[in-house]
Amino acid sequence: MAAVARQKGIGLDDIEIWFADEARIGQKNKITRRWARRGTRPAAPHDQRTASTYIFGAICPRHGKAVGLILPWCNIITMNLHLAKISTDVAPGRHAVLLMDQAGWHMSAKLEVPANITILPLPPKCPELNPVENVWQFLRDNWLSNRVFTGYKNIVDLCCDVWNKLEDQPWRIMTLGLRDWAHGF
């Protein structure tokens with residue numbers, strides 16, 4: 001982070017650390033544990049249809065901020081939309097260091113990276129370093145599982161509601177996302 005600050009000519013206090021990733025949400029949904037009387041087997045719906053969408057999510061745990069877009073595909077075009085949206089949520093006068101995995105659409109030379117964002121790739125095969133993975137697990141376990149969707153619009157509507165609910169809970173973003181190794185410099 002210090003190298004980015006020196007390169008951009010700003011102080012460490014002017015850097016916001018963001019994490020980003022995508023999650024596919026769809027009709028083939030996860031069945032999670034649920035409370036039930038001992039000795040009983042509660043019914044849990046499971047859909048075999050295949051409609052799905054993607055949540056492009058980014059969090060800034062230190063400030064409890066989240067930015068999300070619900071988009072139909074993962075590609076360079078949709079990643080550019082996500083970067084533009086993150087850029088608008090970076091505080092004026094600050095610079096965002098965006099940590100994310102090395103998916104093809106994250107590292108493409110065709111990305112239009114806004115001036116107030118620097119992308120820093122996480123090492124390959126290390127999802128545990130990206131706290132957005134914890135966000136996905138929380139959303140699936142608590143707000144997205146055990147459902148049968150009526151169709152694509154229903155999936156998109158629920159994803160929007162769930163992400164807006166997360167954005168309204170900065171304490172949850174902080175709890176799920178703060179990492180000593182990323183914020184202790």
# chains A, B, ... in the order shown; residues from 1 in each chain; ligands from 1

call {"tool": "select_by_dssp", "arguments": {"residues": "segment 20-174 of chain A", "states": "strand (DSSP E or B)", "output": "PyMOL selection string"}}
result
chain A and resi 20-26+52-60+65-71+95-100+117-121

call {"tool": "write_last_selection", "arguments": {"atoms": "N, CA and C atoms", "output": "mmCIF file, in the first residue's frame"}}
result
data_model
loop_
_atom_site.group_PDB
_atom_site.id
_atom_site.type_symbol
_atom_site.label_atom_id
_atom_site.label_comp_id
_atom_site.auth_asym_id
_atom_site.auth_seq_id
_atom_site.Cartn_x
_atom_site.Cartn_y
_atom_site.Cartn_z
ATOM 1 N N ALA A 20 -12.933 -6.972 -4.038
ATOM 2 C CA ALA A 20 -14.018 -7.208 -4.989
ATOM 3 C C ALA A 20 -14.031 -8.655 -5.464
ATOM 4 N N ASP A 21 -15.216 -9.093 -5.874
ATOM 5 C CA ASP A 21 -15.395 -10.425 -6.437
ATOM 6 C C ASP A 21 -16.804 -10.512 -7.013
ATOM 7 N N GLU A 22 -17.104 -11.641 -7.658
ATOM 8 C CA GLU A 22 -18.441 -11.872 -8.201
ATOM 9 C C GLU A 22 -18.971 -13.188 -7.646
ATOM 10 N N ALA A 23 -20.294 -13.266 -7.574
ATOM 11 C CA ALA A 23 -20.946 -14.506 -7.149
ATOM 12 C C ALA A 23 -22.113 -14.782 -8.081
ATOM 13 N N ARG A 24 -22.231 -16.045 -8.487
ATOM 14 C CA ARG A 24 -23.359 -16.446 -9.311
ATOM 15 C C ARG A 24 -24.488 -16.876 -8.394
ATOM 16 N N ILE A 25 -25.662 -16.319 -8.624
ATOM 17 C CA ILE A 25 -26.849 -16.650 -7.837
ATOM 18 C C ILE A 25 -27.906 -17.145 -8.814
ATOM 19 N N GLY A 26 -28.520 -18.272 -8.509
ATOM 20 C CA GLY A 26 -29.489 -18.787 -9.453
ATOM 21 C C GLY A 26 -30.443 -19.794 -8.882
ATOM 22 N N SER A 52 -29.801 -17.800 -13.890
ATOM 23 C CA SER A 52 -28.912 -17.232 -12.877
ATOM 24 C C SER A 52 -28.473 -15.831 -13.287
ATOM 25 N N THR A 53 -27.905 -15.127 -12.322
ATOM 26 C CA THR A 53 -27.326 -13.812 -12.540
ATOM 27 C C THR A 53 -26.080 -13.706 -11.662
ATOM 28 N N TYR A 54 -25.384 -12.599 -11.748
ATOM 29 C CA TYR A 54 -24.159 -12.396 -10.974
ATOM 30 C C TYR A 54 -24.272 -11.135 -10.131
ATOM 31 N N ILE A 55 -23.794 -11.233 -8.906
ATOM 32 C CA ILE A 55 -23.611 -10.043 -8.077
ATOM 33 C C ILE A 55 -22.140 -9.678 -8.174
ATOM 34 N N PHE A 56 -21.862 -8.491 -8.692
ATOM 35 C CA PHE A 56 -20.515 -7.932 -8.657
ATOM 36 C C PHE A 56 -20.466 -7.116 -7.373
ATOM 37 N N GLY A 57 -19.657 -7.546 -6.415
ATOM 38 C CA GLY A 57 -19.632 -6.873 -5.127
ATOM 39 C C GLY A 57 -18.244 -6.411 -4.752
ATOM 40 N N ALA A 58 -18.190 -5.262 -4.089
ATOM 41 C CA ALA A 58 -16.936 -4.739 -3.558
ATOM 42 C C ALA A 58 -17.222 -4.140 -2.189
ATOM 43 N N ILE A 59 -16.278 -4.333 -1.267
ATOM 44 C CA ILE A 59 -16.433 -3.765 0.068
ATOM 45 C C ILE A 59 -15.174 -3.006 0.471
ATOM 46 N N CYS A 60 -15.383 -1.965 1.244
ATOM 47 C CA CYS A 60 -14.303 -1.232 1.903
ATOM 48 C C CYS A 60 -14.561 -1.401 3.400
ATOM 49 N N LYS A 65 -18.254 0.388 3.766
ATOM 50 C CA LYS A 65 -18.926 0.687 2.497
ATOM 51 C C LYS A 65 -18.992 -0.552 1.612
ATOM 52 N N ALA A 66 -20.049 -0.619 0.811
ATOM 53 C CA ALA A 66 -20.207 -1.705 -0.150
ATOM 54 C C ALA A 66 -20.778 -1.141 -1.442
ATOM 55 N N VAL A 67 -20.323 -1.688 -2.556
ATOM 56 C CA VAL A 67 -20.820 -1.309 -3.875
ATOM 57 C C VAL A 67 -21.146 -2.596 -4.609
ATOM 58 N N GLY A 68 -22.335 -2.670 -5.174
ATOM 59 C CA GLY A 68 -22.709 -3.878 -5.896
ATOM 60 C C GLY A 68 -23.522 -3.587 -7.134
ATOM 61 N N LEU A 69 -23.368 -4.438 -8.107
ATOM 62 C CA LEU A 69 -24.177 -4.400 -9.325
ATOM 63 C C LEU A 69 -24.659 -5.815 -9.602
ATOM 64 N N ILE A 70 -25.891 -5.922 -10.040
ATOM 65 C CA ILE A 70 -26.436 -7.217 -10.440
ATOM 66 C C ILE A 70 -26.410 -7.227 -11.967
ATOM 67 N N LEU A 71 -25.614 -8.139 -12.528
ATOM 68 C CA LEU A 71 -25.385 -8.149 -13.971
ATOM 69 C C LEU A 71 -25.524 -9.569 -14.526
ATOM 70 N N HIS A 95 -7.693 7.619 -2.802
ATOM 71 C CA HIS A 95 -7.374 6.671 -3.860
ATOM 72 C C HIS A 95 -7.707 5.268 -3.352
ATOM 73 N N ALA A 96 -8.336 4.443 -4.194
ATOM 74 C CA ALA A 96 -8.709 3.084 -3.807
ATOM 75 C C ALA A 96 -7.691 2.088 -4.321
ATOM 76 N N VAL A 97 -7.263 1.198 -3.432
ATOM 77 C CA VAL A 97 -6.488 0.034 -3.833
ATOM 78 C C VAL A 97 -7.481 -1.116 -3.805
ATOM 79 N N LEU A 98 -7.735 -1.687 -4.976
ATOM 80 C CA LEU A 98 -8.746 -2.723 -5.137
ATOM 81 C C LEU A 98 -8.072 -4.086 -5.246
ATOM 82 N N LEU A 99 -8.256 -4.924 -4.229
ATOM 83 C CA LEU A 99 -7.683 -6.263 -4.217
ATOM 84 C C LEU A 99 -8.722 -7.246 -4.715
ATOM 85 N N MET A 100 -8.334 -8.091 -5.667
ATOM 86 C CA MET A 100 -9.235 -9.112 -6.188
ATOM 87 C C MET A 100 -8.434 -10.231 -6.824
ATOM 88 N N ILE A 117 -8.409 4.494 -8.858
ATOM 89 C CA ILE A 117 -8.335 3.088 -8.466
ATOM 90 C C ILE A 117 -7.035 2.471 -8.973
ATOM 91 N N THR A 118 -6.389 1.693 -8.106
ATOM 92 C CA THR A 118 -5.261 0.856 -8.503
ATOM 93 C C THR A 118 -5.652 -0.579 -8.187
ATOM 94 N N ILE A 119 -5.543 -1.453 -9.176
ATOM 95 C CA ILE A 119 -5.880 -2.863 -8.973
ATOM 96 C C ILE A 119 -4.643 -3.599 -8.487
ATOM 97 N N LEU A 120 -4.822 -4.343 -7.410
ATOM 98 C CA LEU A 120 -3.748 -5.154 -6.839
ATOM 99 C C LEU A 120 -4.238 -6.600 -6.816
ATOM 100 N N PRO A 121 -3.651 -7.475 -7.651
ATOM 101 C CA PRO A 121 -4.139 -8.866 -7.702
ATOM 102 C C PRO A 121 -3.718 -9.659 -6.465
#

call {"tool": "closest_atom_pairs", "arguments": {"of": "segment 54-120 of chain A", "to": "segment 174-181 of chain A", "cutoff": "7 Å", "atoms": "only C-alpha atoms", "output": "CSV"}}
result
residue,atom,partner,partner_atom,distance
A:Pro61,CA,A:Met174,CA,4.5
A:Arg62,CA,A:Met174,CA,6.3
A:Gly64,CA,A:Met174,CA,5.3

call {"tool": "select_by_dssp", "arguments": {"residues": "chain A", "states": "alpha helix (DSSP H)", "output": "MDAnalysis selection string"}}
result
chainID A and resid 2:8 76:89 104:107 132:139 152:167 170:177 180:183

call {"tool": "write_last_selection", "arguments": {"atoms": "C-alpha atoms", "output": "PDB file, in the first residue's frame"}}
result
ATOM      1  CA  ALA A   2       2.904   2.290   0.787  1.00  0.00           C
ATOM      2  CA  ALA A   3       4.271   1.794  -2.738  1.00  0.00           C
ATOM      3  CA  VAL A   4       0.916   2.805  -4.243  1.00  0.00           C
ATOM      4  CA  ALA A   5       0.803   5.875  -1.979  1.00  0.00           C
ATOM      5  CA  ARG A   6       4.316   6.921  -3.058  1.00  0.00           C
ATOM      6  CA  GLN A   7       3.539   6.274  -6.724  1.00  0.00           C
ATOM      7  CA  LYS A   8       0.343   8.371  -6.565  1.00  0.00           C
ATOM      8  CA  ILE A  76     -14.678  -7.130 -19.360  1.00  0.00           C
ATOM      9  CA  ILE A  77     -17.678  -4.923 -20.161  1.00  0.00           C
ATOM     10  CA  THR A  78     -19.460  -5.740 -16.904  1.00  0.00           C
ATOM     11  CA  MET A  79     -16.190  -5.403 -14.955  1.00  0.00           C
ATOM     12  CA  ASN A  80     -15.735  -1.908 -16.412  1.00  0.00           C
ATOM     13  CA  LEU A  81     -19.221  -1.009 -15.148  1.00  0.00           C
ATOM     14  CA  HIS A  82     -18.301  -2.287 -11.703  1.00  0.00           C
ATOM     15  CA  LEU A  83     -15.020  -0.333 -11.617  1.00  0.00           C
ATOM     16  CA  ALA A  84     -16.862   2.857 -12.611  1.00  0.00           C
ATOM     17  CA  LYS A  85     -19.378   2.323  -9.794  1.00  0.00           C
ATOM     18  CA  ILE A  86     -16.636   1.669  -7.215  1.00  0.00           C
ATOM     19  CA  SER A  87     -14.870   4.825  -8.398  1.00  0.00           C
ATOM     20  CA  THR A  88     -17.913   6.948  -7.550  1.00  0.00           C
ATOM     21  CA  ASP A  89     -17.960   5.613  -3.963  1.00  0.00           C
ATOM     22  CA  GLY A 104      -9.435 -12.983 -16.833  1.00  0.00           C
ATOM     23  CA  TRP A 105     -11.846 -10.035 -16.773  1.00  0.00           C
ATOM     24  CA  HIS A 106     -10.070  -8.607 -13.677  1.00  0.00           C
ATOM     25  CA  MET A 107      -6.614  -8.450 -15.212  1.00  0.00           C
ATOM     26  CA  VAL A 132     -15.803 -10.809  -0.159  1.00  0.00           C
ATOM     27  CA  GLU A 133     -15.835 -14.618  -0.105  1.00  0.00           C
ATOM     28  CA  ASN A 134     -17.081 -14.306   3.499  1.00  0.00           C
ATOM     29  CA  VAL A 135     -19.770 -11.903   2.289  1.00  0.00           C
ATOM     30  CA  TRP A 136     -20.964 -14.463  -0.277  1.00  0.00           C
ATOM     31  CA  GLN A 137     -21.067 -17.180   2.367  1.00  0.00           C
ATOM     32  CA  PHE A 138     -23.031 -14.942   4.735  1.00  0.00           C
ATOM     33  CA  LEU A 139     -25.521 -13.894   2.040  1.00  0.00           C
ATOM     34  CA  TYR A 152     -34.915 -14.617 -13.730  1.00  0.00           C
ATOM     35  CA  LYS A 153     -36.642 -11.385 -12.618  1.00  0.00           C
ATOM     36  CA  ASN A 154     -37.287 -12.902  -9.192  1.00  0.00           C
ATOM     37  CA  ILE A 155     -33.567 -13.779  -8.862  1.00  0.00           C
ATOM     38  CA  VAL A 156     -32.487 -10.244  -9.835  1.00  0.00           C
ATOM     39  CA  ASP A 157     -35.025  -8.622  -7.487  1.00  0.00           C
ATOM     40  CA  LEU A 158     -33.896 -10.734  -4.532  1.00  0.00           C
ATOM     41  CA  CYS A 159     -30.203 -10.076  -5.273  1.00  0.00           C
ATOM     42  CA  CYS A 160     -30.910  -6.323  -5.348  1.00  0.00           C
ATOM     43  CA  ASP A 161     -32.839  -6.490  -2.064  1.00  0.00           C
ATOM     44  CA  VAL A 162     -30.136  -8.563  -0.372  1.00  0.00           C
ATOM     45  CA  TRP A 163     -27.271  -6.332  -1.533  1.00  0.00           C
ATOM     46  CA  ASN A 164     -29.149  -3.169  -0.478  1.00  0.00           C
ATOM     47  CA  LYS A 165     -29.755  -4.768   2.920  1.00  0.00           C
ATOM     48  CA  LEU A 166     -26.005  -5.420   3.232  1.00  0.00           C
ATOM     49  CA  GLU A 167     -25.141  -1.836   2.226  1.00  0.00           C
ATOM     50  CA  PRO A 170     -21.896  -1.066   7.703  1.00  0.00           C
ATOM     51  CA  TRP A 171     -21.132  -2.922  10.956  1.00  0.00           C
ATOM     52  CA  ARG A 172     -21.707  -6.220   9.159  1.00  0.00           C
ATOM     53  CA  ILE A 173     -19.384  -5.197   6.309  1.00  0.00           C
ATOM     54  CA  MET A 174     -16.724  -4.344   8.892  1.00  0.00           C
ATOM     55  CA  THR A 175     -17.239  -7.616  10.773  1.00  0.00           C
ATOM     56  CA  LEU A 176     -17.041  -9.751   7.642  1.00  0.00           C
ATOM     57  CA  GLY A 177     -14.268  -7.827   5.938  1.00  0.00           C
ATOM     58  CA  ASP A 180      -5.280  -7.144  10.169  1.00  0.00           C
ATOM     59  CA  TRP A 181      -2.882  -7.889   7.321  1.00  0.00           C
ATOM     60  CA  ALA A 182      -4.648  -5.394   5.046  1.00  0.00           C
ATOM     61  CA  HIS A 183      -5.369  -2.607   7.502  1.00  0.00           C
TER      62      HIS A 183
END

call {"tool": "closest_residue", "arguments": {"among": "A:Asn75, A:Thr50, A:Ser108, A:Gln102", "to": "Phe149 of chain A", "atoms": "only C-alpha atoms"}}
result
A:Thr50

call {"tool": "closest_residue", "arguments": {"among": "A:Arg140, A:Lys110, A:Arg147, A:Arg94", "to": "Gly11 of chain A", "atoms": "only C-alpha atoms"}}
result
A:Arg94

call {"tool": "atom_distance", "arguments": {"atom1": "atom CA of Cys126 of chain A", "atom2": "atom CA of Asp101 of chain A"}}
result
8.1 Å

call {"tool": "decode", "arguments": {"residues": "segment 48-88 of chain A", "atoms": "N, CA and C atoms", "output": "PDB file, in the first residue's frame"}}
result
ATOM      1  N   GLN A  48     -34.312 -27.294  -9.812  1.00  0.00           N
ATOM      2  CA  GLN A  48     -33.401 -27.875 -10.797  1.00  0.00           C
ATOM      3  C   GLN A  48     -33.271 -27.023 -12.060  1.00  0.00           C
ATOM      4  N   ARG A  49     -33.960 -25.889 -12.121  1.00  0.00           N
ATOM      5  CA  ARG A  49     -33.844 -25.020 -13.294  1.00  0.00           C
ATOM      6  C   ARG A  49     -32.519 -24.252 -13.234  1.00  0.00           C
ATOM      7  N   THR A  50     -32.156 -23.570 -14.319  1.00  0.00           N
ATOM      8  CA  THR A  50     -30.790 -23.044 -14.410  1.00  0.00           C
ATOM      9  C   THR A  50     -30.657 -21.539 -14.631  1.00  0.00           C
ATOM     10  N   ALA A  51     -31.692 -20.756 -14.495  1.00  0.00           N
ATOM     11  CA  ALA A  51     -31.544 -19.300 -14.658  1.00  0.00           C
ATOM     12  C   ALA A  51     -30.651 -18.760 -13.548  1.00  0.00           C
ATOM     13  N   SER A  52     -29.801 -17.800 -13.890  1.00  0.00           N
ATOM     14  CA  SER A  52     -28.912 -17.232 -12.877  1.00  0.00           C
ATOM     15  C   SER A  52     -28.473 -15.831 -13.287  1.00  0.00           C
ATOM     16  N   THR A  53     -27.905 -15.127 -12.322  1.00  0.00           N
ATOM     17  CA  THR A  53     -27.326 -13.812 -12.540  1.00  0.00           C
ATOM     18  C   THR A  53     -26.080 -13.706 -11.662  1.00  0.00           C
ATOM     19  N   TYR A  54     -25.384 -12.599 -11.748  1.00  0.00           N
ATOM     20  CA  TYR A  54     -24.159 -12.396 -10.974  1.00  0.00           C
ATOM     21  C   TYR A  54     -24.272 -11.135 -10.131  1.00  0.00           C
ATOM     22  N   ILE A  55     -23.794 -11.233  -8.906  1.00  0.00           N
ATOM     23  CA  ILE A  55     -23.611 -10.043  -8.077  1.00  0.00           C
ATOM     24  C   ILE A  55     -22.140  -9.678  -8.174  1.00  0.00           C
ATOM     25  N   PHE A  56     -21.862  -8.491  -8.692  1.00  0.00           N
ATOM     26  CA  PHE A  56     -20.515  -7.932  -8.657  1.00  0.00           C
ATOM     27  C   PHE A  56     -20.466  -7.116  -7.373  1.00  0.00           C
ATOM     28  N   GLY A  57     -19.657  -7.546  -6.415  1.00  0.00           N
ATOM     29  CA  GLY A  57     -19.632  -6.873  -5.127  1.00  0.00           C
ATOM     30  C   GLY A  57     -18.244  -6.411  -4.752  1.00  0.00           C
ATOM     31  N   ALA A  58     -18.190  -5.262  -4.089  1.00  0.00           N
ATOM     32  CA  ALA A  58     -16.936  -4.739  -3.558  1.00  0.00           C
ATOM     33  C   ALA A  58     -17.222  -4.140  -2.189  1.00  0.00           C
ATOM     34  N   ILE A  59     -16.278  -4.333  -1.267  1.00  0.00           N
ATOM     35  CA  ILE A  59     -16.433  -3.765   0.068  1.00  0.00           C
ATOM     36  C   ILE A  59     -15.174  -3.006   0.471  1.00  0.00           C
ATOM     37  N   CYS A  60     -15.383  -1.965   1.244  1.00  0.00           N
ATOM     38  CA  CYS A  60     -14.303  -1.232   1.903  1.00  0.00           C
ATOM     39  C   CYS A  60     -14.561  -1.401   3.400  1.00  0.00           C
ATOM     40  N   PRO A  61     -13.982  -2.443   4.004  1.00  0.00           N
ATOM     41  CA  PRO A  61     -14.316  -2.780   5.389  1.00  0.00           C
ATOM     42  C   PRO A  61     -14.011  -1.686   6.406  1.00  0.00           C
ATOM     43  N   ARG A  62     -12.922  -0.972   6.226  1.00  0.00           N
ATOM     44  CA  ARG A  62     -12.561   0.048   7.212  1.00  0.00           C
ATOM     45  C   ARG A  62     -13.651   1.102   7.349  1.00  0.00           C
ATOM     46  N   HIS A  63     -14.300   1.445   6.253  1.00  0.00           N
ATOM     47  CA  HIS A  63     -15.339   2.485   6.265  1.00  0.00           C
ATOM     48  C   HIS A  63     -16.749   1.896   6.204  1.00  0.00           C
ATOM     49  N   GLY A  64     -16.873   0.575   6.167  1.00  0.00           N
ATOM     50  CA  GLY A  64     -18.180  -0.062   6.150  1.00  0.00           C
ATOM     51  C   GLY A  64     -18.970   0.209   4.879  1.00  0.00           C
ATOM     52  N   LYS A  65     -18.254   0.388   3.766  1.00  0.00           N
ATOM     53  CA  LYS A  65     -18.926   0.687   2.497  1.00  0.00           C
ATOM     54  C   LYS A  65     -18.992  -0.552   1.612  1.00  0.00           C
ATOM     55  N   ALA A  66     -20.049  -0.619   0.811  1.00  0.00           N
ATOM     56  CA  ALA A  66     -20.207  -1.705  -0.150  1.00  0.00           C
ATOM     57  C   ALA A  66     -20.778  -1.141  -1.442  1.00  0.00           C
ATOM     58  N   VAL A  67     -20.323  -1.688  -2.556  1.00  0.00           N
ATOM     59  CA  VAL A  67     -20.820  -1.309  -3.875  1.00  0.00           C
ATOM     60  C   VAL A  67     -21.146  -2.596  -4.609  1.00  0.00           C
ATOM     61  N   GLY A  68     -22.335  -2.670  -5.174  1.00  0.00           N
ATOM     62  CA  GLY A  68     -22.709  -3.878  -5.896  1.00  0.00           C
ATOM     63  C   GLY A  68     -23.522  -3.587  -7.134  1.00  0.00           C
ATOM     64  N   LEU A  69     -23.368  -4.438  -8.107  1.00  0.00           N
ATOM     65  CA  LEU A  69     -24.177  -4.400  -9.325  1.00  0.00           C
ATOM     66  C   LEU A  69     -24.659  -5.815  -9.602  1.00  0.00           C
ATOM     67  N   ILE A  70     -25.891  -5.922 -10.040  1.00  0.00           N
ATOM     68  CA  ILE A  70     -26.436  -7.217 -10.440  1.00  0.00           C
ATOM     69  C   ILE A  70     -26.410  -7.227 -11.967  1.00  0.00           C
ATOM     70  N   LEU A  71     -25.614  -8.139 -12.528  1.00  0.00           N
ATOM     71  CA  LEU A  71     -25.385  -8.149 -13.971  1.00  0.00           C
ATOM     72  C   LEU A  71     -25.524  -9.569 -14.526  1.00  0.00           C
ATOM     73  N   PRO A  72     -25.896  -9.685 -15.799  1.00  0.00           N
ATOM     74  CA  PRO A  72     -26.170 -11.016 -16.354  1.00  0.00           C
ATOM     75  C   PRO A  72     -24.941 -11.847 -16.699  1.00  0.00           C
ATOM     76  N   TRP A  73     -23.769 -11.230 -16.860  1.00  0.00           N
ATOM     77  CA  TRP A  73     -22.568 -11.957 -17.276  1.00  0.00           C
ATOM     78  C   TRP A  73     -21.358 -11.461 -16.512  1.00  0.00           C
ATOM     79  N   CYS A  74     -20.289 -12.243 -16.558  1.00  0.00           N
ATOM     80  CA  CYS A  74     -18.969 -11.839 -16.071  1.00  0.00           C
ATOM     81  C   CYS A  74     -18.077 -11.685 -17.287  1.00  0.00           C
ATOM     82  N   ASN A  75     -17.729 -10.452 -17.620  1.00  0.00           N
ATOM     83  CA  ASN A  75     -16.814 -10.196 -18.719  1.00  0.00           C
ATOM     84  C   ASN A  75     -16.183  -8.825 -18.530  1.00  0.00           C
ATOM     85  N   ILE A  76     -15.390  -8.405 -19.475  1.00  0.00           N
ATOM     86  CA  ILE A  76     -14.678  -7.130 -19.360  1.00  0.00           C
ATOM     87  C   ILE A  76     -15.655  -5.949 -19.333  1.00  0.00           C
ATOM     88  N   ILE A  77     -16.697  -6.016 -20.118  1.00  0.00           N
ATOM     89  CA  ILE A  77     -17.678  -4.923 -20.161  1.00  0.00           C
ATOM     90  C   ILE A  77     -18.343  -4.744 -18.800  1.00  0.00           C
ATOM     91  N   THR A  78     -18.801  -5.847 -18.203  1.00  0.00           N
ATOM     92  CA  THR A  78     -19.460  -5.740 -16.904  1.00  0.00           C
ATOM     93  C   THR A  78     -18.460  -5.352 -15.806  1.00  0.00           C
ATOM     94  N   MET A  79     -17.212  -5.798 -15.927  1.00  0.00           N
ATOM     95  CA  MET A  79     -16.190  -5.403 -14.955  1.00  0.00           C
ATOM     96  C   MET A  79     -15.919  -3.905 -15.046  1.00  0.00           C
ATOM     97  N   ASN A  80     -15.906  -3.357 -16.252  1.00  0.00           N
ATOM     98  CA  ASN A  80     -15.735  -1.908 -16.412  1.00  0.00           C
ATOM     99  C   ASN A  80     -16.868  -1.138 -15.729  1.00  0.00           C
ATOM    100  N   LEU A  81     -18.093  -1.649 -15.834  1.00  0.00           N
ATOM    101  CA  LEU A  81     -19.221  -1.009 -15.148  1.00  0.00           C
ATOM    102  C   LEU A  81     -19.012  -1.035 -13.636  1.00  0.00           C
ATOM    103  N   HIS A  82     -18.532  -2.162 -13.143  1.00  0.00           N
ATOM    104  CA  HIS A  82     -18.301  -2.287 -11.703  1.00  0.00           C
ATOM    105  C   HIS A  82     -17.193  -1.339 -11.231  1.00  0.00           C
ATOM    106  N   LEU A  83     -16.104  -1.261 -11.982  1.00  0.00           N
ATOM    107  CA  LEU A  83     -15.020  -0.333 -11.617  1.00  0.00           C
ATOM    108  C   LEU A  83     -15.509   1.114 -11.587  1.00  0.00           C
ATOM    109  N   ALA A  84     -16.323   1.489 -12.567  1.00  0.00           N
ATOM    110  CA  ALA A  84     -16.862   2.857 -12.611  1.00  0.00           C
ATOM    111  C   ALA A  84     -17.726   3.134 -11.385  1.00  0.00           C
ATOM    112  N   LYS A  85     -18.513   2.156 -10.973  1.00  0.00           N
ATOM    113  CA  LYS A  85     -19.378   2.323  -9.794  1.00  0.00           C
ATOM    114  C   LYS A  85     -18.544   2.419  -8.521  1.00  0.00           C
ATOM    115  N   ILE A  86     -17.518   1.587  -8.385  1.00  0.00           N
ATOM    116  CA  ILE A  86     -16.636   1.669  -7.215  1.00  0.00           C
ATOM    117  C   ILE A  86     -15.989   3.045  -7.160  1.00  0.00           C
ATOM    118  N   SER A  87     -15.536   3.530  -8.308  1.00  0.00           N
ATOM    119  CA  SER A  87     -14.870   4.825  -8.398  1.00  0.00           C
ATOM    120  C   SER A  87     -15.722   5.955  -7.826  1.00  0.00           C
ATOM    121  N   THR A  88     -17.028   5.881  -8.050  1.00  0.00           N
ATOM    122  CA  THR A  88     -17.913   6.948  -7.550  1.00  0.00           C
ATOM    123  C   THR A  88     -18.080   6.894  -6.042  1.00  0.00           C
TER     124      THR A  88
END
